[in-house]
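As provided, data-v1.cif (mmCIF, C-alpha atoms) reads as follows.
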```
data_run
loop_
_atom_site.label_atom_id
_atom_site.label_comp_id
_atom_site.auth_asym_id
_atom_site.auth_seq_id
_atom_site.Cartn_x
_atom_site.Cartn_y
_atom_site.Cartn_z
CA MET A 1 3.73 -144.27 -18.29
CA PRO A 2 3.28 -140.51 -18.03
CA GLU A 3 6.27 -138.27 -18.43
CA LYS A 4 6.96 -136.12 -15.40
CA ARG A 5 9.23 -133.08 -15.44
CA VAL A 6 10.04 -131.42 -12.18
CA PHE A 7 12.06 -128.26 -11.68
CA LEU A 8 14.93 -127.86 -9.22
CA SER A 9 14.07 -128.66 -5.62
CA GLU A 10 16.00 -128.65 -2.39
CA PHE A 11 18.69 -131.22 -1.86
CA ILE A 12 17.89 -133.78 0.80
CA GLU A 13 20.79 -134.13 3.22
CA ASP A 14 21.59 -137.51 4.72
CA SER A 15 22.08 -138.13 8.40
CA SER A 16 25.88 -138.37 8.20
CA ASN A 17 26.55 -134.66 7.72
CA ASP A 18 27.56 -133.82 11.30
CA LEU A 19 31.23 -133.20 10.58
CA GLU A 20 30.47 -131.35 7.35
CA SER A 21 27.87 -129.20 9.11
CA GLU A 22 30.42 -128.30 11.75
CA ALA A 23 32.88 -127.28 9.05
CA GLU A 24 30.20 -125.16 7.43
CA SER A 25 29.59 -123.36 10.72
CA LEU A 26 33.30 -122.57 10.82
CA GLY A 27 33.07 -120.97 7.40
CA LEU A 28 34.92 -123.74 5.56
CA ILE A 29 31.87 -124.73 3.54
CA ALA A 30 29.74 -121.96 2.19
CA GLN A 31 26.19 -121.75 1.07
CA GLU A 32 25.98 -120.20 -2.39
CA ASP A 33 26.17 -116.51 -1.54
CA GLU A 34 25.13 -113.53 -3.61
CA ASP A 35 27.82 -112.08 -5.82
CA VAL A 36 26.87 -108.47 -5.32
CA ASP A 37 27.58 -106.19 -8.26
CA TYR A 38 29.18 -103.27 -6.43
CA MET A 39 29.43 -101.21 -9.61
CA GLU A 40 25.71 -101.49 -10.36
CA GLU A 41 24.52 -101.09 -6.75
CA MET A 42 27.04 -98.50 -5.61
CA LYS A 43 26.06 -96.58 -2.49
CA PRO A 44 27.06 -92.92 -2.09
CA ALA A 45 29.68 -93.82 0.54
CA TRP A 46 31.21 -96.35 -1.86
CA ARG A 47 31.37 -93.76 -4.65
CA ILE A 48 33.20 -91.37 -2.35
CA ALA A 49 35.63 -94.14 -1.32
CA LEU A 50 36.26 -95.07 -4.96
CA LEU A 51 36.89 -91.44 -5.91
CA GLU A 52 39.38 -91.01 -3.07
CA PHE A 53 41.06 -94.30 -3.96
CA ARG A 54 41.38 -93.24 -7.60
CA CYS A 55 43.05 -89.99 -6.53
CA ARG A 56 45.52 -91.80 -4.30
CA VAL A 57 46.43 -94.29 -7.01
CA GLU A 58 46.81 -91.53 -9.61
CA ASP A 59 49.12 -89.52 -7.33
CA ALA A 60 51.14 -92.60 -6.35
CA ILE A 61 51.72 -93.64 -9.96
CA LEU A 62 52.58 -90.19 -11.24
CA GLY A 63 54.62 -89.50 -8.09
CA ASN A 64 56.52 -92.72 -8.61
CA TYR A 65 55.88 -94.23 -5.18
CA ILE A 66 53.19 -96.80 -5.97
CA LEU A 67 55.85 -99.52 -5.57
CA GLY A 68 57.60 -97.89 -2.63
CA LYS A 69 60.69 -95.69 -2.48
CA SER A 70 63.12 -98.61 -2.68
CA PHE A 71 61.80 -99.48 -6.15
CA SER A 72 61.96 -95.94 -7.49
CA ASP A 73 65.75 -96.02 -7.60
CA ARG A 74 65.77 -99.21 -9.70
CA ILE A 75 63.89 -97.69 -12.65
CA GLU A 76 65.74 -95.52 -15.14
CA LYS A 77 62.57 -93.82 -16.41
CA PRO A 78 60.16 -94.29 -13.55
CA ASN A 79 57.41 -91.92 -14.63
CA GLU A 80 57.26 -93.37 -18.11
CA ASN A 81 57.28 -96.99 -16.95
CA LEU A 82 54.97 -96.66 -13.97
CA SER A 83 52.37 -94.69 -15.92
CA ASP A 84 51.87 -97.88 -17.91
CA ILE A 85 51.64 -100.08 -14.83
CA SER A 86 48.77 -102.57 -14.99
CA LEU A 87 47.22 -105.33 -12.93
CA TRP A 88 45.69 -108.44 -14.52
CA GLY A 89 45.97 -106.74 -17.90
CA VAL A 90 44.09 -103.62 -16.78
CA PRO A 91 45.89 -100.21 -16.66
CA LEU A 92 45.82 -98.81 -13.12
CA LEU A 93 46.27 -95.12 -13.96
CA PRO A 94 42.69 -93.77 -13.63
CA SER A 95 43.28 -90.86 -16.00
CA LYS A 96 43.79 -93.33 -18.85
CA GLY A 97 40.06 -93.98 -18.68
CA HIS A 98 40.24 -97.75 -19.11
CA ILE A 99 36.83 -99.35 -18.58
CA GLY A 100 38.24 -102.00 -16.21
CA THR A 101 40.25 -99.74 -13.87
CA ASP A 102 37.38 -99.01 -11.50
CA LEU A 103 36.41 -102.70 -11.42
CA VAL A 104 39.91 -103.68 -10.29
CA LEU A 105 40.13 -100.90 -7.70
CA MET A 106 36.72 -101.86 -6.34
CA LYS A 107 38.00 -105.35 -5.60
CA PHE A 108 40.61 -103.92 -3.24
CA LEU A 109 38.04 -101.61 -1.64
CA LYS A 110 35.52 -104.38 -1.17
CA VAL A 111 37.94 -106.75 0.57
CA LYS A 112 38.94 -103.97 2.98
CA ASP A 113 35.33 -102.93 3.65
CA PHE A 114 35.81 -99.69 1.67
CA LYS A 115 38.56 -98.39 3.94
CA VAL A 116 40.62 -96.44 1.44
CA ALA A 117 43.90 -96.40 3.38
CA ASP A 118 43.84 -100.17 3.90
CA ALA A 119 42.89 -100.82 0.28
CA PHE A 120 45.71 -98.56 -0.92
CA GLU A 121 48.28 -100.39 1.21
CA ASN A 122 46.98 -103.74 -0.03
CA LEU A 123 47.30 -102.59 -3.64
CA LYS A 124 50.88 -101.37 -3.07
CA LYS A 125 51.85 -104.68 -1.42
CA THR A 126 50.30 -106.61 -4.30
CA LEU A 127 52.17 -104.60 -6.94
CA LYS A 128 55.41 -104.91 -4.99
CA TRP A 129 54.97 -108.68 -4.66
CA ARG A 130 54.25 -109.01 -8.38
CA TRP A 131 57.36 -106.97 -9.19
CA GLU A 132 59.58 -109.09 -6.93
CA MET A 133 58.13 -112.36 -8.21
CA GLU A 134 58.22 -111.16 -11.85
CA ILE A 135 54.60 -112.21 -12.25
CA GLU A 136 54.12 -110.30 -15.52
CA GLY A 137 56.62 -112.65 -17.15
CA ILE A 138 55.39 -115.82 -15.53
CA LEU A 139 53.07 -116.66 -18.42
CA ARG A 140 56.12 -117.12 -20.63
CA GLU A 141 57.76 -119.59 -18.26
CA ARG A 142 57.99 -123.23 -19.26
CA PHE A 143 57.32 -125.91 -16.67
CA SER A 144 57.67 -129.66 -16.94
CA PRO A 145 54.85 -131.46 -18.80
CA ASP A 146 53.99 -133.18 -15.52
CA LEU A 147 53.03 -129.82 -14.02
CA GLU A 148 51.36 -128.54 -17.18
CA ASP A 149 48.98 -131.52 -17.10
CA LEU A 150 47.74 -130.64 -13.62
CA GLY A 151 45.44 -127.80 -14.69
CA TYR A 152 43.04 -126.81 -17.44
CA ILE A 153 40.17 -124.39 -18.10
CA ASN A 154 36.91 -125.89 -19.32
CA GLY A 155 33.47 -124.27 -19.43
CA THR A 156 31.71 -121.75 -17.21
CA ASP A 157 29.49 -121.83 -14.15
CA LYS A 158 25.87 -120.65 -14.01
CA GLY A 159 27.06 -117.05 -13.79
CA GLY A 160 29.39 -117.30 -16.79
CA ARG A 161 32.57 -117.49 -14.69
CA PRO A 162 35.43 -119.64 -16.07
CA LEU A 163 35.87 -123.09 -14.50
CA CYS A 164 39.53 -123.75 -13.66
CA TYR A 165 40.41 -127.33 -12.71
CA CYS A 166 43.48 -128.51 -10.74
CA LEU A 167 44.03 -132.27 -10.77
CA TYR A 168 46.08 -132.99 -7.66
CA GLY A 169 44.81 -136.56 -7.86
CA ASN A 170 47.47 -137.11 -10.54
CA PHE A 171 49.96 -137.43 -7.68
CA LYS A 172 48.64 -140.95 -7.04
CA ASP A 173 51.41 -141.91 -9.49
CA ARG A 174 54.31 -142.67 -7.15
CA GLU A 175 56.97 -141.73 -9.70
CA LEU A 176 55.35 -138.36 -10.30
CA TYR A 177 54.91 -137.88 -6.56
CA LYS A 178 58.61 -138.48 -5.90
CA LYS A 179 59.64 -136.32 -8.85
CA ILE A 180 57.56 -133.28 -7.86
CA PHE A 181 58.05 -133.40 -4.10
CA GLY A 182 61.52 -134.91 -4.08
CA THR A 183 63.32 -131.57 -3.68
CA GLU A 184 62.48 -128.18 -2.26
CA GLU A 185 63.22 -126.65 -5.65
CA ASN A 186 60.54 -128.81 -7.28
CA CYS A 187 58.03 -127.86 -4.58
CA GLU A 188 58.72 -124.19 -5.31
CA ALA A 189 58.22 -124.90 -9.01
CA LEU A 190 54.81 -126.38 -8.19
CA LEU A 191 53.82 -123.23 -6.31
CA ARG A 192 55.06 -121.03 -9.13
CA TRP A 193 53.15 -123.13 -11.66
CA ARG A 194 50.07 -122.68 -9.44
CA ILE A 195 50.52 -118.91 -9.68
CA GLN A 196 50.99 -119.13 -13.45
CA PHE A 197 47.79 -121.15 -13.79
CA MET A 198 45.98 -118.55 -11.72
CA GLU A 199 47.22 -115.82 -14.07
CA LYS A 200 46.06 -117.83 -17.10
CA CYS A 201 42.60 -118.13 -15.56
CA ILE A 202 42.49 -114.38 -14.93
CA ARG A 203 43.40 -113.69 -18.55
CA THR A 204 40.05 -115.19 -19.54
CA LEU A 205 38.26 -112.30 -17.76
CA THR A 206 37.42 -109.10 -19.64
CA PHE A 207 36.86 -106.78 -16.65
CA LYS A 208 33.98 -105.13 -18.45
CA PRO A 209 30.88 -103.95 -16.58
CA GLY A 210 28.18 -106.58 -16.54
CA GLU A 211 30.55 -109.41 -17.43
CA PRO A 212 32.08 -111.98 -15.03
CA ASP A 213 35.12 -110.64 -13.18
CA SER A 214 35.90 -113.70 -11.04
CA ILE A 215 36.64 -117.39 -11.55
CA VAL A 216 35.66 -120.73 -10.01
CA GLN A 217 38.49 -123.02 -8.95
CA ILE A 218 37.84 -126.76 -8.73
CA ILE A 219 40.56 -128.77 -6.98
CA ASP A 220 40.31 -132.52 -7.55
CA LEU A 221 41.89 -134.67 -4.80
CA LYS A 222 40.58 -138.02 -6.05
CA ASN A 223 42.97 -140.87 -5.19
CA ILE A 224 45.62 -138.38 -4.07
CA GLY A 225 47.01 -140.70 -1.39
CA PRO A 226 50.08 -139.69 0.67
CA ALA A 227 50.79 -136.69 -1.58
CA ILE A 228 48.04 -134.80 0.26
CA LYS A 229 50.52 -133.91 3.01
CA HIS A 230 52.69 -131.97 0.58
CA VAL A 231 49.74 -130.58 -1.36
CA ARG A 232 48.32 -129.34 1.93
CA SER A 233 51.48 -127.30 2.54
CA ILE A 234 51.37 -125.82 -0.96
CA ALA A 235 47.66 -125.11 -0.58
CA ARG A 236 48.24 -123.13 2.63
CA ARG A 237 50.79 -120.89 0.90
CA TRP A 238 48.62 -120.51 -2.18
CA LEU A 239 45.55 -119.57 -0.13
CA PHE A 240 47.59 -116.92 1.65
CA LEU A 241 48.71 -115.45 -1.68
CA VAL A 242 45.16 -115.47 -3.00
CA GLN A 243 43.89 -113.70 0.09
CA GLU A 244 46.62 -111.05 0.00
CA HIS A 245 47.19 -110.48 -3.71
CA TYR A 246 44.13 -111.67 -5.63
CA PRO A 247 41.19 -109.99 -3.87
CA GLY A 248 37.82 -110.80 -5.36
CA ILE A 249 39.26 -112.93 -8.15
CA ILE A 250 37.99 -116.27 -6.85
CA PHE A 251 34.22 -116.57 -6.55
CA LYS A 252 34.41 -120.11 -5.16
CA CYS A 253 37.24 -122.55 -4.53
CA ILE A 254 35.63 -126.00 -4.56
CA THR A 255 37.79 -128.88 -3.36
CA ILE A 256 36.29 -132.26 -4.22
CA TYR A 257 36.94 -135.81 -3.01
CA VAL A 258 38.09 -134.47 0.35
CA PRO A 259 38.85 -137.02 3.10
CA LEU A 260 36.92 -136.48 6.33
CA TRP A 261 40.02 -135.75 8.39
CA VAL A 262 40.80 -132.75 6.16
CA PHE A 263 37.71 -130.96 7.51
CA ALA A 264 39.17 -131.05 11.01
CA PHE A 265 42.59 -130.01 9.73
CA HIS A 266 41.18 -126.96 7.98
CA ALA A 267 39.30 -125.93 11.09
CA LEU A 268 42.52 -126.01 13.13
CA HIS A 269 45.16 -124.80 10.68
CA LEU A 270 43.53 -122.17 8.48
CA LYS A 271 42.96 -119.58 11.18
CA PHE A 272 45.06 -117.10 9.19
CA LEU A 273 42.26 -116.84 6.63
CA THR A 274 39.68 -114.11 6.96
CA GLN A 275 35.99 -114.99 7.15
CA ARG A 276 35.56 -113.48 3.70
CA THR A 277 38.09 -115.94 2.28
CA LYS A 278 36.67 -118.89 4.21
CA ARG A 279 33.25 -118.23 2.73
CA LYS A 280 34.72 -118.86 -0.70
CA LEU A 281 35.97 -122.33 0.25
CA VAL A 282 33.77 -125.36 -0.38
CA LEU A 283 34.99 -128.78 0.80
CA VAL A 284 33.18 -131.75 -0.72
CA ARG A 285 33.17 -135.37 0.36
CA PRO A 286 33.39 -138.10 -2.34
CA THR A 287 29.68 -138.98 -2.00
CA ARG A 288 28.53 -135.40 -2.57
CA VAL A 289 30.67 -134.30 -5.53
CA THR A 290 28.05 -134.21 -8.30
CA GLU A 291 25.22 -132.61 -6.33
CA THR A 292 27.54 -129.95 -4.89
CA LEU A 293 29.06 -129.03 -8.25
CA LEU A 294 25.59 -128.79 -9.77
CA LYS A 295 24.74 -126.04 -7.29
CA PHE A 296 27.22 -123.86 -9.14
CA ILE A 297 27.51 -125.44 -12.61
CA GLY A 298 24.79 -126.36 -15.09
CA PRO A 299 24.70 -130.07 -16.13
CA GLU A 300 25.46 -129.07 -19.73
CA SER A 301 28.72 -127.45 -18.55
CA LEU A 302 29.77 -130.08 -16.00
CA LEU A 303 32.17 -132.73 -17.29
CA ILE A 304 30.95 -136.33 -17.42
CA GLN A 305 33.62 -137.52 -14.98
CA TYR A 306 31.94 -135.35 -12.35
CA GLY A 307 28.40 -136.47 -13.18
CA GLY A 308 27.56 -133.88 -15.83
CA LEU A 309 26.74 -134.18 -19.53
CA LYS A 310 29.67 -132.35 -21.09
CA ARG A 311 32.13 -134.38 -23.18
CA ASP A 312 35.34 -133.16 -24.76
CA ASN A 313 35.21 -132.69 -28.53
CA ASP A 314 31.51 -133.52 -28.59
CA ASP A 315 30.09 -133.63 -32.13
CA GLU A 316 26.51 -134.33 -31.04
CA PHE A 317 25.62 -131.83 -28.33
CA SER A 318 26.74 -128.37 -27.26
CA GLU A 319 26.19 -126.35 -24.09
CA ASP A 320 23.38 -124.51 -25.91
CA ASP A 321 21.27 -127.67 -26.21
CA LYS A 322 18.40 -127.73 -23.74
CA VAL A 323 18.78 -130.01 -20.71
CA LEU A 324 15.65 -131.39 -19.02
CA GLU A 325 15.40 -132.62 -15.46
CA GLN A 326 13.16 -134.96 -13.57
CA ASN A 327 12.92 -135.81 -9.88
CA PHE A 328 11.68 -139.10 -8.51
CA LYS A 329 10.95 -140.21 -4.97
CA GLY A 330 12.75 -142.86 -2.98
CA GLY A 331 11.45 -146.40 -3.47
CA SER A 332 9.73 -145.55 -6.75
CA THR A 333 9.97 -146.42 -10.43
CA ASP A 334 9.70 -143.65 -13.00
CA PHE A 335 10.00 -143.23 -16.74
CA ILE A 336 11.33 -140.82 -19.34
CA GLU A 337 9.73 -141.05 -22.77
CA ILE A 338 11.19 -139.63 -25.98
CA TYR A 339 8.66 -139.70 -28.80
CA VAL A 340 9.80 -140.03 -32.43
CA ALA A 341 6.95 -139.75 -34.94
CA GLN A 342 8.97 -140.09 -38.13
CA ALA A 343 10.79 -143.20 -39.28
CA GLY A 344 14.25 -142.97 -40.83
CA GLU A 345 15.75 -140.81 -38.09
CA THR A 346 18.28 -141.49 -35.38
CA VAL A 347 17.59 -140.31 -31.87
CA ILE A 348 20.53 -139.57 -29.58
CA TRP A 349 20.28 -138.95 -25.86
CA ASP A 350 22.41 -138.25 -22.78
CA ALA A 351 21.41 -139.02 -19.20
CA SER A 352 22.98 -138.54 -15.78
CA VAL A 353 21.52 -139.33 -12.35
CA VAL A 354 22.75 -137.32 -9.38
CA GLY A 355 24.06 -139.76 -6.80
CA ASN A 356 23.65 -142.82 -9.06
CA GLU A 357 22.45 -145.75 -6.91
CA VAL A 358 19.54 -146.44 -9.28
CA SER A 359 18.67 -149.19 -11.74
CA TYR A 360 18.56 -147.94 -15.33
CA LYS A 361 17.10 -149.54 -18.48
CA GLU A 362 16.50 -148.34 -22.05
CA GLU A 363 14.12 -149.75 -24.67
CA PHE A 364 12.29 -148.75 -27.83
CA VAL A 365 8.50 -149.24 -27.80
CA PRO A 366 6.84 -149.02 -31.27
CA ASP A 367 3.43 -147.44 -31.70
CA ASP A 368 2.30 -150.51 -33.61
CA GLU A 369 1.17 -153.04 -31.01
CA CYS A 370 2.05 -155.86 -33.41
CA SER A 371 5.72 -154.86 -33.44
CA TYR A 372 8.26 -156.03 -30.89
CA ASP A 373 9.84 -153.86 -28.22
CA VAL A 374 13.61 -153.48 -28.63
CA LEU A 375 15.85 -153.67 -25.55
CA LEU A 376 18.60 -151.06 -25.96
CA ARG A 377 20.32 -151.31 -22.59
CA LYS A 378 19.84 -154.03 -20.02
CA GLU A 379 18.81 -153.06 -16.53
CA LYS A 380 21.83 -152.34 -14.41
CA ARG A 381 23.03 -149.95 -11.76
CA LEU A 382 23.90 -146.60 -13.27
CA MET A 383 27.46 -145.68 -12.32
CA LYS A 384 28.17 -142.75 -14.65
CA SER A 385 26.70 -140.50 -17.31
CA VAL A 386 25.46 -142.46 -20.30
CA ARG A 387 24.87 -141.77 -23.98
CA ASN A 388 23.09 -143.94 -26.51
CA SER A 389 21.44 -143.70 -29.93
CA PHE A 390 18.95 -145.69 -31.95
CA HIS A 391 17.84 -145.62 -35.59
CA ILE A 392 14.06 -145.41 -35.80
CA ARG A 393 12.49 -147.72 -38.42
CA GLU A 394 8.92 -147.00 -37.36
CA PRO A 395 7.17 -144.43 -35.17
CA GLY A 396 7.47 -145.06 -31.45
CA LYS A 397 9.23 -143.89 -28.34
CA ILE A 398 12.41 -144.43 -26.39
CA VAL A 399 11.48 -145.40 -22.81
CA ILE A 400 14.06 -144.98 -20.07
CA THR A 401 13.09 -146.81 -16.88
CA ILE A 402 14.66 -145.72 -13.62
CA GLU A 403 14.07 -147.62 -10.41
CA ASN A 404 15.12 -145.81 -7.23
CA ARG A 405 15.60 -148.43 -4.55
CA THR A 406 16.96 -145.99 -2.00
CA TYR A 407 14.99 -143.86 0.46
CA ARG A 408 16.38 -140.62 -0.94
CA ARG A 409 14.90 -138.57 -3.74
CA LYS A 410 16.96 -138.62 -6.93
CA ARG A 411 17.29 -136.28 -9.89
CA ILE A 412 18.10 -137.12 -13.50
CA TYR A 413 19.32 -134.69 -16.15
CA TYR A 414 18.85 -135.63 -19.78
CA ARG A 415 18.77 -134.21 -23.30
CA PHE A 416 18.04 -135.63 -26.72
CA LYS A 417 17.97 -134.78 -30.40
CA THR A 418 16.97 -136.45 -33.65
CA LYS A 419 18.63 -136.29 -37.03
CA PRO A 420 18.13 -137.94 -40.43
CA THR A 421 20.80 -140.58 -40.89
CA VAL A 422 21.56 -144.06 -42.10
CA PRO A 423 20.90 -146.89 -39.62
CA VAL A 424 23.29 -147.13 -36.71
CA TYR A 425 23.21 -150.23 -34.55
CA GLY A 426 24.59 -150.72 -31.07
CA SER A 427 26.11 -147.24 -30.91
CA SER A 428 26.38 -146.98 -27.15
CA LYS A 429 29.16 -145.15 -25.37
#
```
How does this structure look as structure tokens?
Amino acid sequence: MPEKRVFLSEFIEDSSNDLESEAESLGLIAQEDEDVDYMEEMKPAWRIALLEFRCRVEDAILGNYILGKSFSDRIEKPNENLSDISLWGVPLLPSKGHIGTDLVLMKFLKVKDFKVADAFENLKKTLKWRWEMEIEGILRERFSPDLEDLGYINGTDKGGRPLCYCLYGNFKDRELYKKIFGTEENCEALLRWRIQFMEKCIRTLTFKPGEPDSIVQIIDLKNIGPAIKHVRSIARRWLFLVQEHYPGIIFKCITIYVPLWVFAFHALHLKFLTQRTKRKLVLVRPTRVTETLLKFIGPESLLIQYGGLKRDNDDEFSEDDKVLEQNFKGGSTDFIEIYVAQAGETVIWDASVVGNEVSYKEEFVPDDECSYDVLLRKEKRLMKSVRNSFHIREPGKIVITIENRTYRRKRIYYRFKTKPTVPVYGSSK
């Protein structure tokens, strides 16, 4: 039973991707694109554009018209206040010499293809919108616990970007659904909470050269039911705000557990989005959630409910622990072997198969042929990430048997560790 370790290979697409492929051609599903570092690879024309943009912003702030003439009359000490104006926690006045100022200004230049006049107008509109909406104070606002439970930040993607989750599937609760969408005021509160959550995600960014300056949004629609009609309306408004006032902040917006009809809806009703914004959207069917998320997120950082290995408040493993991977062909049986040479230790392991649909069995095989094999987990179809442990009384190996009865190639991610401990029996989770 030789151990085989295979590195990442291409995903094999099934034959039912026609609608998804059409959506991808429309820009609604993106291949993983390159996140170009414009500060590191700055062309001469970009440097000139940035210098001109800096001058315009400096003059507008010191001249007290960065927010428009109508706002100048509302400020008692405009020069003093506007010289401290900031965006996403970064001072905008270039002469202050903040390390993140150029990074923020470059986001506006990039989205406008380095047209300085357009970028300047976009920046002014964004600052005006934030002033009118009182965005700087939104982090201090208190929303109902029902809204607060809809979002959380957990882990980073392969590029170190924060992972920000929105759980719209919570609206499967009819009482919550009626409470949130029962009045127009509550719908507006949901949108405002969505903006607040966006601001919280941005606060995790440092805006330092060489460090991540964008986030990954993951929107979970699992079991959303009829609430999707209202969420769709909120999503349209939110996407418009992101496109207009948060340029370059979202690296990818991945919506998972998406019904098929939503692909067609997006193609017809999101024409107001630019191609640049559409390339950031990734729509994922229920059967493709794990493999799609793993394109962007390492298995050690992906939560177990999405097919990864990460558990909340995990005392056994951390994201620094090495994760191994193994591929196996369709219609084959393969094995993972974990050798333990020293008795008196406990071995702990995690395993997750992308796509499931395999039979999975665990057993301990002693080196001594006179000893009995120990069945640790009966053969059954693997439906989720698993963890198990076993106290070793004699040298041997843990053998994980995986039978792939489908025609598609499968991939398993796993990790393990040993530690001296007292015997633990039946410790399976």
_I'd like the residues picked by the PyMOL selection byres ((chain A and resi 88) around 9) written out as a VMD selection string, using the chain letters and numbers from the file._
chain A and resid 86 to 87 89 to 91 104 136 199 202 to 203 205
Can you write out the residues you just picked, keeping C-alpha atoms, as a short mmCIF file (atom, residue, chain, number, x, y, z; two decimals), keeping the file's coordinate frame?
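The new file again_12.cif reads:
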```cif
data_model
loop_
_atom_site.label_atom_id
_atom_site.label_comp_id
_atom_site.auth_asym_id
_atom_site.auth_seq_id
_atom_site.Cartn_x
_atom_site.Cartn_y
_atom_site.Cartn_z
CA SER A 86 48.77 -102.57 -14.99
CA LEU A 87 47.22 -105.33 -12.93
CA GLY A 89 45.97 -106.74 -17.90
CA VAL A 90 44.09 -103.62 -16.78
CA PRO A 91 45.89 -100.21 -16.66
CA VAL A 104 39.91 -103.68 -10.29
CA GLU A 136 54.12 -110.30 -15.52
CA GLU A 199 47.22 -115.82 -14.07
CA ILE A 202 42.49 -114.38 -14.93
CA ARG A 203 43.40 -113.69 -18.55
CA LEU A 205 38.26 -112.30 -17.76
#
```
*Might you spell out which residues the PyMOL selection byres ((chain A and resi 283) around 7) would select in the displayed file, as a ChimeraX atom specification?*
/A:28-29,254-256,258,281-282,284-285
*Pick out the residues sitting within 10 Å of Glu363 in chain A, and hand them over as a PyMOL selection string; count only C-alpha atoms, and ignore anything fewer than 3 positions along from it in its own chain.*
chain A and resi 337+366+373-379+390+397-401
*Residues in the PyMOL selection byres ((chain A and resi 316) around 12), expressed as a PyMOL selection string*: chain A and resi 309-315+317-321+346-350+387-389+415-419
_Restricting the calculation to all atoms listed in the file: of A:Gly169, A:Pro247, A:Pro145, A:Gly100, which residue gets closest to Lys208 in chain A?_
A:Gly100
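Put simply, CA of Pro94 in chain A is 20.2 Å away from CA of Ile249 in chain A.
Interatomic distance, CA of Ser352 in chain A to CA of Lys252 in chain A: 24.1 Å.
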*Please identify all polymer residues within 6 Å of range 325-330 of chain A, counting all atoms listed in the file, omitting same-chain residues fewer than 5 positions from it, and present them as a list in words.*
Arg5, Val6, Asn404, Thr406, Tyr407, Arg408, Arg409, Lys410, Arg411, Ile412 and Tyr413 of chain A
Could you turn the residues from that selection into a file that holds C-alpha atoms, as a tab-separated table (two decimals), keeping the file's coordinate frame?
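Here's the written file part-v5.tsv:
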```
chain	number	residue	atom	x	y	z
A	5	ARG	CA	9.23	-133.08	-15.44
A	6	VAL	CA	10.04	-131.42	-12.18
A	404	ASN	CA	15.12	-145.81	-7.23
A	406	THR	CA	16.96	-145.99	-2.00
A	407	TYR	CA	14.99	-143.86	0.46
A	408	ARG	CA	16.38	-140.62	-0.94
A	409	ARG	CA	14.90	-138.57	-3.74
A	410	LYS	CA	16.96	-138.62	-6.93
A	411	ARG	CA	17.29	-136.28	-9.89
A	412	ILE	CA	18.10	-137.12	-13.50
A	413	TYR	CA	19.32	-134.69	-16.15
```
*Which of these, A:Ala119, A:Lys178, A:Ala343, A:Arg279, has the shortest distance to Ala49 in chain A once you count all atoms listed in the file?*
A:Ala119
